[in-house]
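Chemist: Contents of model_19.pdb (PDB, C-alpha atoms, pLDDT in the B column) are below:
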```pdb
MODEL        1
ATOM      1  CA  MET F   1      91.970  85.446  90.915  1.00 75.00           C
ATOM      2  CA  ASN F   2      92.021  88.702  92.848  1.00 90.00           C
ATOM      3  CA  TYR F   3      88.970  89.942  94.717  1.00 98.00           C
ATOM      4  CA  TRP F   4      88.070  93.504  95.605  1.00 98.00           C
ATOM      5  CA  LEU F   5      85.591  95.708  97.403  1.00 97.00           C
ATOM      6  CA  ILE F   6      84.573  99.025  95.855  1.00 98.00           C
ATOM      7  CA  LYS F   7      82.506 101.658  97.612  1.00 96.00           C
ATOM      8  CA  SER F   8      79.969 104.147  96.328  1.00 96.00           C
ATOM      9  CA  GLU F   9      77.487 106.404  98.034  1.00 95.00           C
ATOM     10  CA  PRO F  10      74.136 105.249  96.644  1.00 96.00           C
ATOM     11  CA  PHE F  11      72.825 108.795  96.166  1.00 95.00           C
ATOM     12  CA  LYS F  12      75.827 109.409  93.847  1.00 95.00           C
ATOM     13  CA  TYR F  13      75.945 106.035  92.088  1.00 97.00           C
ATOM     14  CA  SER F  14      73.833 103.120  93.237  1.00 97.00           C
ATOM     15  CA  TRP F  15      73.805  99.450  92.325  1.00 98.00           C
ATOM     16  CA  ASP F  16      70.419  99.982  90.643  1.00 97.00           C
ATOM     17  CA  GLN F  17      71.875 102.719  88.424  1.00 98.00           C
ATOM     18  CA  PHE F  18      74.905 100.527  87.718  1.00 98.00           C
ATOM     19  CA  GLU F  19      72.616  97.696  86.571  1.00 98.00           C
ATOM     20  CA  LYS F  20      70.696 100.116  84.324  1.00 98.00           C
ATOM     21  CA  ASP F  21      73.940 101.438  82.830  1.00 98.00           C
ATOM     22  CA  GLY F  22      75.279  97.920  82.215  1.00 98.00           C
ATOM     23  CA  LYS F  23      78.886  99.100  82.546  1.00 98.00           C
ATOM     24  CA  THR F  24      80.791 102.031  84.010  1.00 98.00           C
ATOM     25  CA  ILE F  25      84.245 103.398  84.608  1.00 97.00           C
ATOM     26  CA  TRP F  26      85.318 103.529  88.257  1.00 96.00           C
ATOM     27  CA  ASP F  27      86.645 107.089  88.306  1.00 93.00           C
ATOM     28  CA  GLY F  28      87.377 109.881  90.737  1.00 89.00           C
ATOM     29  CA  VAL F  29      89.659 107.833  93.016  1.00 93.00           C
ATOM     30  CA  ARG F  30      92.106 110.248  94.633  1.00 94.00           C
ATOM     31  CA  ASN F  31      93.753 108.121  97.294  1.00 94.00           C
ATOM     32  CA  TYR F  32      97.136 106.564  96.452  1.00 95.00           C
ATOM     33  CA  GLN F  33      96.432 103.212  98.082  1.00 95.00           C
ATOM     34  CA  ALA F  34      93.035 102.926  96.369  1.00 95.00           C
ATOM     35  CA  ARG F  35      94.683 103.983  93.078  1.00 96.00           C
ATOM     36  CA  ASN F  36      97.321 101.273  93.522  1.00 96.00           C
ATOM     37  CA  ASN F  37      94.532  98.757  94.067  1.00 96.00           C
ATOM     38  CA  LEU F  38      92.891  99.856  90.792  1.00 97.00           C
ATOM     39  CA  ARG F  39      96.226  99.271  89.053  1.00 97.00           C
ATOM     40  CA  GLU F  40      96.296  95.715  90.438  1.00 97.00           C
ATOM     41  CA  MET F  41      92.825  94.786  89.172  1.00 98.00           C
ATOM     42  CA  LYS F  42      92.869  92.315  86.305  1.00 97.00           C
ATOM     43  CA  LYS F  43      90.210  91.705  83.686  1.00 98.00           C
ATOM     44  CA  GLY F  44      87.740  89.153  85.046  1.00 97.00           C
ATOM     45  CA  ALA F  45      88.368  90.005  88.718  1.00 98.00           C
ATOM     46  CA  LEU F  46      85.273  90.187  90.921  1.00 98.00           C
ATOM     47  CA  CYS F  47      84.447  93.183  93.123  1.00 98.00           C
ATOM     48  CA  PHE F  48      81.862  93.492  95.845  1.00 98.00           C
ATOM     49  CA  PHE F  49      79.830  96.683  95.364  1.00 98.00           C
ATOM     50  CA  TYR F  50      79.330  98.395  98.727  1.00 98.00           C
ATOM     51  CA  HIS F  51      76.850 101.197  99.436  1.00 97.00           C
ATOM     52  CA  SER F  52      78.653 103.553 101.807  1.00 95.00           C
ATOM     53  CA  ASN F  53      77.121 106.147 104.147  1.00 91.00           C
ATOM     54  CA  GLU F  54      73.510 105.149 103.316  1.00 91.00           C
ATOM     55  CA  GLY F  55      72.791 101.485 103.860  1.00 93.00           C
ATOM     56  CA  LYS F  56      76.382 100.512 104.667  1.00 96.00           C
ATOM     57  CA  GLU F  57      75.968  97.177 102.935  1.00 98.00           C
ATOM     58  CA  ILE F  58      77.364  95.039 100.142  1.00 98.00           C
ATOM     59  CA  VAL F  59      74.656  94.785  97.502  1.00 98.00           C
ATOM     60  CA  GLY F  60      76.180  93.106  94.469  1.00 98.00           C
ATOM     61  CA  ILE F  61      79.178  91.797  92.587  1.00 98.00           C
ATOM     62  CA  ALA F  62      80.830  93.600  89.679  1.00 98.00           C
ATOM     63  CA  LYS F  63      83.348  92.205  87.223  1.00 98.00           C
ATOM     64  CA  VAL F  64      86.378  94.073  85.864  1.00 98.00           C
ATOM     65  CA  VAL F  65      85.921  94.246  82.091  1.00 98.00           C
ATOM     66  CA  LYS F  66      88.852  96.558  81.273  1.00 98.00           C
ATOM     67  CA  GLU F  67      92.086  97.028  83.194  1.00 98.00           C
ATOM     68  CA  HIS F  68      93.366 100.405  84.350  1.00 97.00           C
ATOM     69  CA  TYR F  69      93.966 103.403  82.117  1.00 97.00           C
ATOM     70  CA  GLN F  70      94.216 107.189  82.566  1.00 96.00           C
ATOM     71  CA  ASP F  71      91.262 108.688  84.488  1.00 96.00           C
ATOM     72  CA  PRO F  72      89.444 110.880  81.940  1.00 95.00           C
ATOM     73  CA  THR F  73      88.263 113.178  84.760  1.00 92.00           C
ATOM     74  CA  SER F  74      91.879 114.190  85.524  1.00 93.00           C
ATOM     75  CA  THR F  75      94.825 115.537  83.560  1.00 94.00           C
ATOM     76  CA  ASP F  76      97.203 114.036  86.125  1.00 95.00           C
ATOM     77  CA  PRO F  77      98.575 110.745  84.735  1.00 93.00           C
ATOM     78  CA  ASN F  78      98.851 109.336  88.268  1.00 94.00           C
ATOM     79  CA  TRP F  79      95.098 108.732  88.475  1.00 97.00           C
ATOM     80  CA  VAL F  80      93.541 105.732  86.780  1.00 98.00           C
ATOM     81  CA  VAL F  81      90.181 104.030  86.248  1.00 98.00           C
ATOM     82  CA  VAL F  82      88.973 100.520  85.514  1.00 98.00           C
ATOM     83  CA  GLU F  83      85.819  99.529  83.692  1.00 98.00           C
ATOM     84  CA  ILE F  84      83.363  97.289  85.505  1.00 98.00           C
ATOM     85  CA  ALA F  85      80.074  95.613  84.652  1.00 98.00           C
ATOM     86  CA  PRO F  86      77.367  94.142  86.896  1.00 98.00           C
ATOM     87  CA  PHE F  87      77.941  90.436  87.498  1.00 98.00           C
ATOM     88  CA  LYS F  88      75.354  89.442  90.104  1.00 97.00           C
ATOM     89  CA  LYS F  89      73.051  91.045  92.642  1.00 98.00           C
ATOM     90  CA  LEU F  90      73.350  89.456  96.084  1.00 98.00           C
ATOM     91  CA  LYS F  91      70.366  87.445  97.316  1.00 97.00           C
ATOM     92  CA  LYS F  92      70.735  89.131 100.708  1.00 98.00           C
ATOM     93  CA  THR F  93      72.738  92.272 101.316  1.00 98.00           C
ATOM     94  CA  VAL F  94      75.594  91.996 103.799  1.00 98.00           C
ATOM     95  CA  THR F  95      75.746  94.902 106.226  1.00 97.00           C
ATOM     96  CA  LEU F  96      78.800  96.456 107.805  1.00 97.00           C
ATOM     97  CA  GLU F  97      77.321  95.449 111.162  1.00 96.00           C
ATOM     98  CA  GLN F  98      77.247  91.779 110.081  1.00 97.00           C
ATOM     99  CA  ILE F  99      80.805  91.986 108.764  1.00 97.00           C
ATOM    100  CA  LYS F 100      82.076  93.430 112.046  1.00 96.00           C
ATOM    101  CA  THR F 101      80.629  90.467 113.966  1.00 96.00           C
ATOM    102  CA  GLN F 102      82.532  87.931 111.838  1.00 96.00           C
ATOM    103  CA  PRO F 103      85.974  87.036 113.230  1.00 96.00           C
ATOM    104  CA  ARG F 104      86.879  85.671 109.774  1.00 95.00           C
ATOM    105  CA  LEU F 105      86.442  89.208 108.371  1.00 96.00           C
ATOM    106  CA  ALA F 106      88.251  91.145 111.103  1.00 94.00           C
ATOM    107  CA  GLU F 107      91.178  92.033 108.820  1.00 93.00           C
ATOM    108  CA  ILE F 108      89.367  93.276 105.710  1.00 95.00           C
ATOM    109  CA  GLY F 109      89.914  96.827 104.536  1.00 92.00           C
ATOM    110  CA  LEU F 110      86.288  97.759 105.116  1.00 93.00           C
ATOM    111  CA  VAL F 111      86.903  97.242 108.847  1.00 92.00           C
ATOM    112  CA  LYS F 112      90.609  98.129 109.170  1.00 90.00           C
ATOM    113  CA  GLN F 113      90.718 101.066 106.723  1.00 90.00           C
ATOM    114  CA  SER F 114      87.120 102.176 106.599  1.00 86.00           C
ATOM    115  CA  ARG F 115      87.740 105.265 104.457  1.00 87.00           C
ATOM    116  CA  LEU F 116      89.512 103.370 101.656  1.00 91.00           C
ATOM    117  CA  SER F 117      87.252 103.312  98.576  1.00 93.00           C
ATOM    118  CA  VAL F 118      88.917 100.379  96.791  1.00 96.00           C
ATOM    119  CA  SER F 119      90.334  97.530  98.854  1.00 96.00           C
ATOM    120  CA  ALA F 120      91.613  94.024  98.235  1.00 96.00           C
ATOM    121  CA  LEU F 121      89.956  90.909  99.634  1.00 97.00           C
ATOM    122  CA  LYS F 122      91.463  87.494 100.207  1.00 96.00           C
ATOM    123  CA  ALA F 123      89.681  84.541  98.591  1.00 97.00           C
ATOM    124  CA  HIS F 124      88.434  83.219 101.944  1.00 96.00           C
ATOM    125  CA  GLU F 125      87.049  86.675 102.849  1.00 97.00           C
ATOM    126  CA  PHE F 126      85.200  86.809  99.535  1.00 97.00           C
ATOM    127  CA  ASP F 127      83.778  83.349 100.243  1.00 97.00           C
ATOM    128  CA  VAL F 128      82.617  84.324 103.749  1.00 97.00           C
ATOM    129  CA  ILE F 129      80.731  87.326 102.364  1.00 98.00           C
ATOM    130  CA  LEU F 130      79.137  85.139  99.679  1.00 97.00           C
ATOM    131  CA  GLU F 131      78.072  82.736 102.411  1.00 97.00           C
ATOM    132  CA  LEU F 132      76.523  85.571 104.441  1.00 97.00           C
ATOM    133  CA  SER F 133      74.649  86.768 101.361  1.00 98.00           C
ATOM    134  CA  ALA F 134      73.262  83.301 100.528  1.00 95.00           C
ATOM    135  CA  THR F 135      74.593  83.853  96.989  1.00 91.00           C
ATOM    136  CA  LYS F 136      76.213  81.140  94.888  1.00 85.00           C
TER
ENDMDL
END
```
What's the structure tokens form of this structure?

Modeler:
Amino acid sequence: MNYWLIKSEPFKYSWDQFEKDGKTIWDGVRNYQARNNLREMKKGALCFFYHSNEGKEIVGIAKVVKEHYQDPTSTDPNWVVVEIAPFKKLKKTVTLEQIKTQPRLAEIGLVKQSRLSVSALKAHEFDVILELSATK
């Protein structure tokens, strides 16, 4: 299974709103590397949901429920979306500060490419973040 981290500014789209909606399309991505990551997401893949700018913390886990297709907010066929649904709220949020102190997370995109809105995670990185969040 592939694992991912997706970022949203909570004043634009928060975890709480996501839970209320029950499902959403992950649209508006306009970075080629992030777009390529969306194209790699498979149905059933898990994604950490990160609040950027405000909070700077991972708050929950989403699940990919539909693989990539044309972004309806763009006429350019290069841009795609995936559909995601809430999977689980973390017991404890995991802050960027905590992540930066973990040598086992030194290579994740959130640290190495901080502006990337959709990044891949290795299985052991996903597990470390779950451990930090006290979530099973």

Chemist: Pick out the closest residue to Phe87 of chain F from this set: F:Leu110, F:Leu105, F:Ala134, F:Leu46. Count only C-alpha atoms.

Modeler: F:Leu46

Chemist: Name every residue that the PyMOL selection byres ((chain F and resi 30) around 10) selects in this structure, writing the answer as a list in words with chains first and numbers rising.

Modeler: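 With the PyMOL selection byres ((chain F and resi 30) around 10) on this model, the match is Asp27, Gly28, Val29, Asn31, Tyr32, Gln33, Ala34, Arg35, Ser74, Asn78, Trp79, Val80 and Ser117 of chain F.
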
Chemist: Might you pull out every residue within 9 Å of Leu121 of chain F, with all atoms listed in the file counted and same-chain residues fewer than 5 positions away left off, and present them as an MDAnalysis selection string?

Modeler: chainID F and resid 2:5 47 108:109 126

Chemist: Taking all atoms listed in the file into account, which of F:Val65, F:Val59, F:Leu38, F:Val94 comes nearest Ser133 of chain F?

Modeler: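 With all atoms listed in the file as the atom set, the closest residue is F:Val94.
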
Chemist: Give me, please, the distance in Å between atom CA of Lys42 of chain F and atom CA of Val82 of chain F, quoted to one decimal.

Modeler: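 Separating atom CA of Lys42 of chain F from atom CA of Val82 of chain F is a distance of 9.1 Å.
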
Chemist: Measuring atom to atom with only C-alpha atoms, identify which of F:Gln98, F:Leu132, F:Thr93, F:Glu83 is nearest to Lys23 of chain F.

Modeler: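 Closest residue, counting only C-alpha atoms: F:Glu83.
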
Chemist: Identify which of the residues F:Glu67, F:Glu107, F:Glu97, F:Asp21 lies closest to Arg39 of chain F, counting only C-alpha atoms when measuring atom-to-atom distances.

Modeler: F:Glu67

Chemist: For Met41 of chain F, which of F:Met1, F:Ala106, F:Ile61, F:Leu90 is the closest residue, counting all atoms listed in the file?

Modeler: F:Met1
